[in-house]
$ cat entry.tsv   # TSV, C-alpha atoms and all ligand atoms
chain	number	residue	atom	x	y	z
L	1	MET	CA	0.00	0.00	0.00
L	2	SER	CA	1.45	3.34	-0.99
L	3	HIS	CA	1.17	6.04	1.62
L	4	SER	CA	2.65	8.69	-0.60
L	5	LEU	CA	0.53	11.37	-2.11
L	6	GLN	CA	1.83	11.61	-5.62
L	7	LEU	CA	0.79	15.12	-6.54
L	8	GLN	CA	3.53	17.58	-7.29
L	9	GLY	CA	2.84	21.09	-8.51
L	10	ILE	CA	-0.47	20.54	-10.27
L	11	LEU	CA	-1.65	23.73	-11.92
L	12	VAL	CA	-5.39	23.84	-12.53
L	13	THR	CA	-6.15	26.73	-14.82
L	14	SER	CA	-8.32	25.32	-17.55
L	15	PHE	CA	-11.25	24.44	-15.27
L	16	ARG	CA	-11.81	27.79	-13.64
L	17	GLN	CA	-15.44	28.58	-13.09
L	18	ARG	CA	-16.90	29.86	-16.32
L	19	HIS	CA	-20.00	32.09	-16.43
L	20	PHE	CA	-20.57	31.17	-12.83
L	21	SER	CA	-20.77	34.57	-11.33
L	22	PHE	CA	-22.13	34.04	-7.84
L	23	PHE	CA	-18.96	32.41	-6.60
L	24	SER	CA	-16.18	34.86	-5.96
L	25	ARG	CA	-12.94	34.04	-7.69
L	26	HIS	CA	-10.18	32.78	-5.50
L	27	PRO	CA	-6.63	33.87	-6.06
L	28	SER	CA	-4.05	31.27	-6.97
L	29	ALA	CA	-3.09	29.30	-3.92
L	30	ARG	CA	0.07	27.52	-2.92
L	31	VAL	CA	-0.34	24.89	-0.23
L	32	SER	CA	2.21	22.62	1.34
L	33	PHE	CA	1.34	19.49	3.25
L	34	SER	CA	2.99	16.70	5.12
L	35	SER	CA	1.27	13.92	6.97
L	36	PHE	CA	1.32	10.51	8.56
L	37	ILE	CA	-0.98	7.61	7.76
L	38	CYS	CA	-0.60	4.32	9.60
L	39	GLY	CA	2.46	5.80	11.30
L	40	LYS	CA	4.23	6.42	7.98
L	41	LYS	CA	5.18	9.89	6.88
L	42	LEU	CA	3.62	11.13	3.68
L	43	GLU	CA	5.75	13.02	1.21
L	44	MET	CA	5.43	16.75	1.14
L	45	GLU	CA	3.25	17.88	-1.69
L	46	GLU	CA	2.54	21.19	-3.20
L	47	VAL	CA	-0.65	22.03	-5.02
L	48	LYS	CA	-1.18	25.15	-7.06
L	49	VAL	CA	-4.67	25.92	-8.27
L	50	ALA	CA	-6.31	28.90	-9.88
L	51	SER	CA	-9.49	28.27	-7.93
L	52	GLU	CA	-10.64	26.03	-5.10
L	53	LEU	CA	-13.92	25.53	-6.91
L	54	LEU	CA	-14.37	23.90	-10.30
L	55	VAL	CA	-17.59	23.73	-12.29
L	56	ASP	CA	-17.44	21.69	-15.46
L	57	ASP	CA	-20.91	22.47	-16.81
L	58	PRO	CA	-22.18	25.83	-15.48
L	59	ALA	CA	-25.31	25.77	-17.68
L	60	SER	CA	-26.44	22.43	-16.27
L	61	LEU	CA	-25.74	23.63	-12.73
L	62	GLU	CA	-27.76	26.80	-13.30
L	63	LYS	CA	-30.71	24.68	-14.48
L	64	LYS	CA	-30.52	22.53	-11.36
L	65	ILE	CA	-30.33	25.58	-9.11
L	66	ASP	CA	-33.46	27.01	-10.76
L	67	ALA	CA	-35.31	23.68	-10.40
L	68	ILE	CA	-34.50	23.40	-6.68
L	69	ARG	CA	-35.43	27.05	-6.07
L	70	LEU	CA	-38.78	26.39	-7.71
L	71	GLY	CA	-39.39	23.35	-5.50
L	72	GLY	CA	-38.95	25.37	-2.29
L	73	SER	CA	-37.58	24.42	1.12
L	74	GLN	CA	-40.12	21.65	1.75
L	75	LYS	CA	-38.75	19.58	-1.10
L	76	LEU	CA	-35.07	19.99	-0.28
L	77	GLN	CA	-32.70	17.95	1.85
L	78	VAL	CA	-28.93	17.81	2.20
L	79	ILE	CA	-27.17	14.43	2.29
L	80	ALA	CA	-23.54	14.57	3.42
L	81	ASP	CA	-20.75	12.10	3.91
L	82	PHE	CA	-18.83	12.67	7.16
L	83	ASP	CA	-15.12	11.75	6.97
L	84	ALA	CA	-13.08	14.13	4.80
L	85	THR	CA	-16.29	15.79	3.59
L	86	LEU	CA	-17.65	17.58	6.64
L	87	THR	CA	-14.27	17.09	8.32
L	88	LYS	CA	-10.98	18.41	6.98
L	89	PHE	CA	-8.54	16.10	5.21
L	90	TRP	CA	-5.53	17.87	6.70
L	91	VAL	CA	-5.55	18.87	10.36
L	92	ASN	CA	-2.60	20.64	11.96
L	93	GLY	CA	-0.38	19.65	9.04
L	94	THR	CA	-1.15	15.93	9.24
L	95	ARG	CA	-3.87	13.70	7.82
L	96	GLY	CA	-6.99	14.18	9.93
L	97	GLN	CA	-8.43	11.12	11.65
L	98	THR	CA	-11.66	9.38	10.66
L	99	SER	CA	-14.51	8.35	12.95
L	100	HIS	CA	-13.22	4.76	12.85
L	101	GLY	CA	-9.56	5.72	13.01
L	102	LEU	CA	-9.72	7.93	16.08
L	103	VAL	CA	-11.06	5.27	18.46
L	104	GLN	CA	-8.62	4.27	21.16
L	105	GLN	CA	-10.03	1.38	23.17
L	106	GLY	CA	-7.76	1.92	26.13
L	107	ASN	CA	-6.34	-1.48	25.22
L	108	PRO	CA	-3.25	-1.28	22.93
L	109	GLU	CA	-3.56	-4.94	21.93
L	110	TYR	CA	-6.96	-4.31	20.35
L	111	ASP	CA	-5.93	-0.99	18.82
L	112	ASP	CA	-3.07	-2.90	17.12
L	113	LYS	CA	-5.39	-5.65	15.92
L	114	ARG	CA	-7.73	-3.12	14.29
L	115	GLN	CA	-4.73	-1.40	12.70
L	116	GLN	CA	-3.59	-4.73	11.25
L	117	LEU	CA	-7.03	-5.22	9.75
L	118	TYR	CA	-6.80	-1.74	8.21
L	119	GLU	CA	-3.43	-2.54	6.66
L	120	TYR	CA	-4.77	-5.78	5.17
L	121	TYR	CA	-8.19	-4.65	3.91
L	122	HIS	CA	-7.66	-1.00	2.95
L	123	PRO	CA	-5.59	-1.84	-0.18
L	124	LEU	CA	-8.21	-4.45	-1.16
L	125	GLU	CA	-10.93	-1.79	-0.94
L	126	PHE	CA	-9.22	0.19	-3.72
L	127	SER	CA	-7.83	-2.75	-5.72
L	128	PRO	CA	-8.73	-2.44	-9.41
L	129	THR	CA	-8.46	-6.22	-9.91
L	130	ILE	CA	-11.12	-7.35	-7.41
L	131	GLY	CA	-14.71	-7.45	-8.63
L	132	LEU	CA	-17.50	-5.60	-6.82
L	133	GLU	CA	-19.17	-8.73	-5.46
L	134	GLU	CA	-15.97	-10.10	-3.95
L	135	LYS	CA	-14.95	-6.66	-2.71
L	136	THR	CA	-18.34	-6.22	-1.00
L	137	LYS	CA	-17.82	-9.52	0.83
L	138	LEU	CA	-14.34	-8.37	1.90
L	139	MET	CA	-15.71	-5.09	3.20
L	140	GLU	CA	-18.42	-6.90	5.19
L	141	GLU	CA	-15.68	-9.11	6.62
L	142	TRP	CA	-13.49	-6.11	7.53
L	143	TRP	CA	-16.29	-4.12	9.19
L	144	GLY	CA	-17.56	-7.24	10.97
L	145	LYS	CA	-14.14	-8.10	12.40
L	146	THR	CA	-13.48	-4.49	13.42
L	147	HIS	CA	-16.81	-4.21	15.21
L	148	ALA	CA	-16.20	-7.55	16.95
L	149	LEU	CA	-12.82	-6.29	18.20
L	150	LEU	CA	-14.45	-3.14	19.57
L	151	VAL	CA	-16.89	-5.30	21.56
L	152	GLU	CA	-14.30	-7.89	22.61
L	153	GLY	CA	-11.79	-5.22	23.64
L	154	GLY	CA	-14.32	-3.68	26.02
L	155	LEU	CA	-14.92	-0.29	24.43
L	156	THR	CA	-16.70	2.09	26.80
L	157	TYR	CA	-18.59	5.30	26.14
L	158	ASP	CA	-16.08	7.12	28.35
L	159	SER	CA	-13.23	6.00	26.10
L	160	ILE	CA	-15.16	7.31	23.08
L	161	ARG	CA	-15.45	10.70	24.77
L	162	GLN	CA	-11.75	10.65	25.58
L	163	SER	CA	-10.76	9.45	22.09
L	164	VAL	CA	-12.69	12.31	20.48
L	165	ALA	CA	-11.17	14.84	22.88
L	166	ASN	CA	-7.67	13.61	21.94
L	167	ALA	CA	-8.36	13.14	18.23
L	168	ASN	CA	-6.76	14.99	15.36
L	169	ILE	CA	-10.09	15.81	13.74
L	170	ALA	CA	-11.71	19.11	12.78
L	171	PHE	CA	-14.70	20.26	10.80
L	172	ARG	CA	-14.21	22.32	7.70
L	173	GLU	CA	-14.64	26.00	8.34
L	174	GLY	CA	-18.30	26.95	7.81
L	175	VAL	CA	-19.91	23.58	8.71
L	176	SER	CA	-21.64	25.04	11.76
L	177	GLU	CA	-22.85	28.05	9.73
L	178	LEU	CA	-24.16	25.72	7.00
L	179	PHE	CA	-26.12	23.61	9.51
L	180	GLU	CA	-27.51	26.76	11.14
L	181	PHE	CA	-28.55	28.28	7.82
L	182	LEU	CA	-30.39	25.07	6.89
L	183	GLU	CA	-31.90	24.68	10.37
L	184	GLU	CA	-33.40	28.16	10.15
L	185	ARG	CA	-35.23	27.06	7.01
L	186	ASP	CA	-36.27	23.60	8.28
L	187	ILE	CA	-34.09	21.84	5.73
L	188	PRO	CA	-32.82	18.48	7.05
L	189	VAL	CA	-29.21	17.34	6.87
L	190	LEU	CA	-28.61	13.60	6.71
L	191	ILE	CA	-25.04	12.65	7.63
L	192	PHE	CA	-24.55	9.28	5.99
L	193	SER	CA	-21.41	7.38	6.94
L	194	ALA	CA	-19.85	3.94	6.94
L	195	GLY	CA	-18.10	5.04	10.14
L	196	LEU	CA	-19.57	4.96	13.65
L	197	ALA	CA	-22.68	6.97	14.55
L	198	ASP	CA	-21.82	7.29	18.24
L	199	ILE	CA	-18.37	8.67	17.42
L	200	ILE	CA	-19.73	11.09	14.81
L	201	GLU	CA	-22.29	12.40	17.30
L	202	GLU	CA	-19.59	12.82	19.95
L	203	VAL	CA	-17.45	14.74	17.42
L	204	LEU	CA	-20.47	16.96	16.62
L	205	ARG	CA	-21.00	17.54	20.33
L	206	GLN	CA	-17.40	18.33	21.17
L	207	LYS	CA	-16.32	20.24	18.08
L	208	LEU	CA	-19.41	22.26	17.19
L	209	ASN	CA	-20.46	23.07	20.76
L	210	ARG	CA	-24.12	23.14	19.90
L	211	SER	CA	-26.73	20.79	18.50
L	212	PHE	CA	-28.93	21.18	15.44
L	213	LYS	CA	-32.45	19.85	15.32
L	214	ASN	CA	-32.23	19.30	11.56
L	215	VAL	CA	-29.12	17.06	11.63
L	216	ARG	CA	-29.44	13.27	11.69
L	217	VAL	CA	-26.74	10.62	11.54
L	218	VAL	CA	-27.13	7.38	9.60
L	219	SER	CA	-24.19	5.16	10.43
L	220	ASN	CA	-23.21	2.08	12.42
L	221	ARG	CA	-24.81	2.53	15.82
L	222	MET	CA	-23.53	0.96	19.03
L	223	ILE	CA	-25.49	-0.56	21.91
L	224	PHE	CA	-24.07	-0.03	25.39
L	225	ASN	CA	-25.01	-1.80	28.62
L	226	ASP	CA	-25.83	-0.07	31.93
L	227	LYS	CA	-22.13	0.18	32.75
L	228	GLY	CA	-21.43	2.06	29.50
L	229	CYS	CA	-19.68	-0.93	27.83
L	230	LEU	CA	-20.26	-1.70	24.16
L	231	VAL	CA	-22.17	-4.97	23.80
L	232	SER	CA	-23.27	-5.01	20.14
L	233	PHE	CA	-24.23	-3.00	17.07
L	234	LYS	CA	-27.71	-2.16	15.82
L	235	GLY	CA	-28.96	-3.45	12.49
L	236	LYS	CA	-27.07	-4.29	9.34
L	237	VAL	CA	-23.50	-3.11	8.90
L	238	ILE	CA	-23.03	-0.04	6.71
L	239	HIS	CA	-19.68	-0.29	4.96
L	240	SER	CA	-18.05	1.71	2.19
L	241	LEU	CA	-19.74	-0.25	-0.61
L	242	ASN	CA	-23.35	-0.42	0.61
L	243	LYS	CA	-23.92	3.18	1.66
L	244	ASN	CA	-26.84	3.31	-0.77
L	245	GLU	CA	-29.04	0.60	0.75
L	246	HIS	CA	-30.00	1.91	4.14
L	247	ALA	CA	-29.98	5.67	3.76
L	248	LEU	CA	-33.37	6.58	5.03
L	249	ASP	CA	-34.68	3.39	6.61
L	250	MET	CA	-31.88	3.35	9.15
L	251	ALA	CA	-32.11	7.06	9.87
L	252	ALA	CA	-32.57	7.81	13.54
L	253	PRO	CA	-32.63	11.05	15.46
L	254	ILE	CA	-29.30	12.25	16.72
L	255	HIS	CA	-28.37	10.74	20.04
L	256	GLU	CA	-30.77	11.26	22.94
L	257	ARG	CA	-27.80	12.11	25.17
L	258	LEU	CA	-27.62	15.55	23.58
L	259	GLY	CA	-30.43	16.49	25.91
L	260	ASP	CA	-31.33	19.77	24.30
L	261	MET	CA	-32.76	18.42	21.10
L	262	ASP	CA	-36.20	19.48	19.99
L	263	GLY	CA	-36.52	16.21	18.08
L	264	PRO	CA	-36.07	15.53	14.42
L	265	ILE	CA	-37.95	17.78	12.05
L	266	ASP	CA	-38.62	14.91	9.64
L	267	ASP	CA	-39.16	11.19	9.95
L	268	SER	CA	-37.86	8.75	7.34
L	269	ALA	CA	-41.09	8.78	5.35
L	270	SER	CA	-41.21	12.54	5.05
L	271	LEU	CA	-37.51	12.65	4.15
L	272	LYS	CA	-38.31	10.46	1.17
L	273	LYS	CA	-40.74	13.14	-0.02
L	274	ARG	CA	-37.91	15.65	-0.15
L	275	THR	CA	-36.94	14.83	-3.68
L	276	ASN	CA	-34.49	17.66	-4.32
L	277	VAL	CA	-31.03	16.93	-2.97
L	278	ILE	CA	-27.77	18.67	-2.35
L	279	LEU	CA	-25.22	15.89	-1.94
L	280	LEU	CA	-21.78	16.40	-0.39
L	281	GLY	CA	-19.06	13.76	-0.63
L	282	ASP	CA	-15.34	13.23	-1.01
L	283	HIS	CA	-15.50	10.04	-3.07
L	284	THR	CA	-17.34	9.24	-6.30
L	285	GLY	CA	-18.89	6.29	-4.41
L	286	ASP	CA	-20.64	8.85	-2.17
L	287	LEU	CA	-22.94	9.64	-5.09
L	288	GLY	CA	-24.72	6.38	-4.23
L	289	MET	CA	-25.95	7.94	-0.96
L	290	SER	CA	-29.00	9.32	-2.78
L	291	ASP	CA	-29.79	6.03	-4.54
L	292	GLY	CA	-32.43	5.06	-1.98
L	293	LEU	CA	-34.25	8.26	-2.87
L	294	ASN	CA	-36.22	8.76	-6.05
L	295	TYR	CA	-34.84	12.25	-6.45
L	296	GLU	CA	-35.98	14.82	-9.02
L	297	THR	CA	-33.02	17.18	-8.97
L	298	ARG	CA	-29.65	16.61	-7.36
L	299	ILE	CA	-26.71	18.97	-7.11
L	300	SER	CA	-23.60	16.99	-6.21
L	301	MET	CA	-20.58	18.66	-4.67
L	302	GLY	CA	-17.33	16.74	-4.33
L	303	PHE	CA	-14.30	17.47	-2.18
L	304	LEU	CA	-11.21	16.16	-3.96
L	305	ASN	CA	-8.65	15.96	-1.21
L	306	HIS	CA	-5.69	14.09	-2.67
L	307	ASN	CA	-4.40	12.44	-5.86
L	308	ILE	CA	-5.79	15.49	-7.61
L	309	GLY	CA	-3.79	14.91	-10.76
L	310	ASP	CA	-5.15	11.39	-11.21
L	311	SER	CA	-8.71	12.01	-10.07
L	312	LEU	CA	-9.64	15.50	-11.21
L	313	SER	CA	-11.14	14.48	-14.51
L	314	SER	CA	-13.32	11.71	-13.01
L	315	TYR	CA	-14.47	14.06	-10.22
L	316	ARG	CA	-15.34	16.74	-12.78
L	317	GLU	CA	-17.45	14.24	-14.66
L	318	ALA	CA	-19.10	12.83	-11.55
L	319	PHE	CA	-19.85	15.97	-9.51
L	320	ASP	CA	-21.56	19.22	-10.51
L	321	VAL	CA	-19.10	21.18	-8.39
L	322	VAL	CA	-15.64	20.07	-7.27
L	323	PHE	CA	-13.68	21.63	-4.42
L	324	VAL	CA	-9.94	21.08	-4.15
L	325	ASN	CA	-7.25	22.00	-1.62
L	326	ASP	CA	-9.29	21.00	1.41
L	327	ALA	CA	-11.62	23.94	0.78
L	328	PRO	CA	-13.87	25.35	3.51
L	329	MET	CA	-17.68	25.19	3.29
L	330	TRP	CA	-18.13	28.79	2.17
L	331	GLY	CA	-18.65	27.76	-1.48
L	332	VAL	CA	-21.40	25.34	-0.44
L	333	ILE	CA	-23.01	28.04	1.72
L	334	LYS	CA	-22.95	30.48	-1.19
L	335	LEU	CA	-24.69	28.01	-3.45
L	336	VAL	CA	-27.26	27.10	-0.79
L	337	SER	CA	-27.84	30.80	-0.03
L	338	ARG	CA	-28.48	31.46	-3.69
L	339	ILE	CA	-30.98	28.61	-3.89
L	340	CYS	CA	-32.70	29.80	-0.72
L	341	SER	CA	-32.93	33.44	-1.78
L	342	SER	CA	-36.31	32.67	-3.34
L	343	GLY	CA	-39.51	33.39	-1.35
L	344	ARG	CA	-40.08	29.64	-1.18
L	345	PHE	CA	-37.28	29.35	1.40
L	346	LEU	CA	-38.41	31.60	4.24
L	347	LYS	CA	-36.82	31.26	7.64
L	348	THR	CA	-39.01	29.42	10.14
L	349	LYS	CA	-39.21	32.49	12.40
L	350	THR	CA	-40.32	34.61	9.45
L	351	LEU	CA	-42.95	32.03	8.58
L	352	ILE	CA	-44.25	31.94	12.17
L	353	ALA	CA	-44.28	35.75	12.30
L	354	SER	CA	-46.20	36.01	9.04
L	355	ARG	CA	-48.68	33.34	10.21
L	356	GLU	CA	-49.17	35.28	13.47
L	357	THR	CA	-49.71	38.51	11.56
L	358	MET	CA	-52.26	36.77	9.33
L	359	SER	CA	-53.98	35.36	12.39
L	360	GLU	CA	-54.06	38.78	14.09
L	361	ASN	CA	-55.45	40.39	10.95
L	362	LEU	CA	-58.10	37.69	10.71
L	363	ASN	CA	-59.08	38.14	14.38
L	364	SER	CA	-59.26	41.87	13.97
L	365	ASP	CA	-61.38	41.45	10.80
L	366	LEU	CA	-63.71	39.12	12.68
L	367	SER	CA	-63.99	41.57	15.60
L	368	ALA	CA	-64.69	44.39	13.21
L	369	SER	CA	-67.40	42.41	11.44
L	370	ALA	CA	-68.96	41.48	14.84
L	371	LEU	CA	-69.23	45.17	15.60
L	401	MG	MG	-15.51	10.38	3.20

$ encode --input "entry.tsv" --output "structure tokens" --more "lines below"
Ligand SMILES: [Mg+2]
Amino acid sequence: MSHSLQLQGILVTSFRQRHFSFFSRHPSARVSFSSFICGKKLEMEEVKVASELLVDDPASLEKKIDAIRLGGSQKLQVIADFDATLTKFWVNGTRGQTSHGLVQQGNPEYDDKRQQLYEYYHPLEFSPTIGLEEKTKLMEEWWGKTHALLVEGGLTYDSIRQSVANANIAFREGVSELFEFLEERDIPVLIFSAGLADIIEEVLRQKLNRSFKNVRVVSNRMIFNDKGCLVSFKGKVIHSLNKNEHALDMAAPIHERLGDMDGPIDDSASLKKRTNVILLGDHTGDLGMSDGLNYETRISMGFLNHNIGDSLSSYREAFDVVFVNDAPMWGVIKLVSRICSSGRFLKTKTLIASRETMSENLNSDLSASAL
């Protein structure tokens, strides 16, 4: 398995946003990185780009924006991958950790065993010579063994809290603002991950410092006993190759332990009626996250975090918008703001206020007619 990022001095000038005026142009950027994965140091790389945001077909994107605007807030939902999509790829100069990768069981023997599984299965996951059926079986095997080790090694909820506190993980700048913007308009966000729901929720709790009633996590969910020890997992395993099968049926409200939740704004059935989608992912496989939904219009936004030289063309084909250089969420917020600038996307408070005004007017009309 190669741990080296191969990119050296890629200059992306021919894919600058064309006729795509609502995004501000970014100046050329020079970024240097170094990192460790599996304890091995990655080579320094340098990426030069003319823009962090690339749109291959602006006319098609404009059409999709218009269609979603027309549908209004009640038809829209956001589906987002978690690792390296909502979270940054590079954190403090090193590769950021994933929800699976950050777990420290407080038992080095089991941490090593899970690492050995990673080193065996991770190359198989990306092997071009293994067919999808066989690869799917391998992924089920990998996830199953990893989950069994978490149970066998005596993972506790306290160690999850501690692992997250110590983890090298951070959200992209603007994630909290994006969630808040969508929450104000009653637009749900479904975080769909092959990672671990309980870890993702703990990361949300610790790193965002507030909860959002519109955010739900669909991922592998743990069951703890009264002593806070992991005893099993709920439902069917979600791994990297079946993220399309359980999207909405396995959706559950964010963890009850948050305490200050107002409850989910949508159940699974009503989410399925939201047939316009903004999809965020960092892998072309993430596009499958909306497969369980019979969507009408989808705008897909991809974060291309590494191997840019090899992957840029496939990402440009696959996603409506591509972000490079570990971009923040501001581009996504700009697009969402533009969609929501129509009168069909009023803030909830504005809606309540206008309903109250209507009600007051009606009451006053009724009083007047009684006189
Ligand atoms: Mg990801």

$ residues_near_point --input "entry.tsv" --point "(-18.2, 10.2, 19.4)" --cutoff "7 Å" --atoms "all atoms listed in the file" --output "list of chain:residue names"
L:Ile160, L:Arg161, L:Val164, L:Asp198, L:Ile199, L:Ile200, L:Glu201, L:Glu202, L:Val203

$ residues_near_point --input "entry.tsv" --point "(-17.1, 15.4, 0.5)" --cutoff "7 Å" --atoms "only C-alpha atoms" --output "VMD selection string"
chain L and resid 81 84 to 86 280 to 283 302 to 303

$ closest_residue --input "entry.tsv" --among "L:Met289, L:Val151, L:Leu76, L:Leu230" --to "ligand MG 401 (chain L)" --atoms "only C-alpha atoms and all ligand atoms"
L:Met289

$ residues_around --input "entry.tsv" --residues "region 328-344 of chain L" --least-positions-apart "3" --cutoff "7 Å" --atoms "all atoms listed in the file" --output "PyMOL selection string"
chain L and resi 23+65+68-69+72-73+172-175+178

$ write_last_selection --input "entry.tsv" --atoms "C-alpha atoms" --output "PDB file, in the frame of the given file"
ATOM      1  CA  PHE L  23     -18.960  32.410  -6.600  1.00  0.00           C
ATOM      2  CA  ILE L  65     -30.330  25.580  -9.110  1.00  0.00           C
ATOM      3  CA  ILE L  68     -34.500  23.400  -6.680  1.00  0.00           C
ATOM      4  CA  ARG L  69     -35.430  27.050  -6.070  1.00  0.00           C
ATOM      5  CA  GLY L  72     -38.950  25.370  -2.290  1.00  0.00           C
ATOM      6  CA  SER L  73     -37.580  24.420   1.120  1.00  0.00           C
ATOM      7  CA  ARG L 172     -14.210  22.320   7.700  1.00  0.00           C
ATOM      8  CA  GLU L 173     -14.640  26.000   8.340  1.00  0.00           C
ATOM      9  CA  GLY L 174     -18.300  26.950   7.810  1.00  0.00           C
ATOM     10  CA  VAL L 175     -19.910  23.580   8.710  1.00  0.00           C
ATOM     11  CA  LEU L 178     -24.160  25.720   7.000  1.00  0.00           C
TER      12      LEU L 178
END

$ axis_aligned_box --input "entry.tsv" --around "region 174-180 of chain L" --padding-each-side "3 Å" --output "lines of an AutoDock Vina configuration file"
center_x = -22.9
center_y = 25.8
center_z = 9.4
size_x = 15.2
size_y = 10.5
size_z = 10.8

$ atom_distance --input "entry.tsv" --atom1 "CA of Lys64 (chain L)" --atom2 "CA of Arg185 (chain L)"
19.5 Å

$ closest_residue --input "entry.tsv" --among "L:Asn305, L:Gln105, L:Asn166, L:Ser290" --to "ligand MG 401 (chain L)" --atoms "only C-alpha atoms and all ligand atoms"
L:Asn305

$ residues_around --input "entry.tsv" --residues "Lys137 (chain L)" --least-positions-apart "4" --cutoff "12 Å" --atoms "all atoms listed in the file" --output "NGL selection string"
:L and (121 or 124-125 or 130-133 or 141-144 or 237 or 239-242)

$ closest_residue --input "entry.tsv" --among "L:His100, L:Ala327, L:Glu177, L:Leu279" --to "Val189 (chain L)" --atoms "all atoms listed in the file"
L:Leu279

$ atom_distance --input "entry.tsv" --atom1 "CA of Leu312 (chain L)" --atom2 "CA of Asn325 (chain L)"
11.8 Å

$ closest_residue --input "entry.tsv" --among "L:Asp310, L:Asp111, L:Asp286, L:Asp326" --to "Gly153 (chain L)" --atoms "only C-alpha atoms"
L:Asp111

$ closest_residue --input "entry.tsv" --among "L:Leu155, L:Leu271, L:Val324, L:Ile79" --to "Phe179 (chain L)" --atoms "all atoms listed in the file"
L:Ile79

$ closest_residue --input "entry.tsv" --among "L:Ile191, L:Val103, L:Val322, L:Leu204" --to "ligand MG 401 (chain L)" --atoms "all atoms listed in the file"
L:Ile191

$ atom_distance --input "entry.tsv" --atom1 "CA of Phe171 (chain L)" --atom2 "CA of Arg210 (chain L)"
13.4 Å

$ residues_around --input "entry.tsv" --residues "Tyr118 (chain L)" --least-positions-apart "5" --cutoff "9 Å" --atoms "only C-alpha atoms" --output "PyMOL selection string"
chain L and resi 38+113+123+142+146
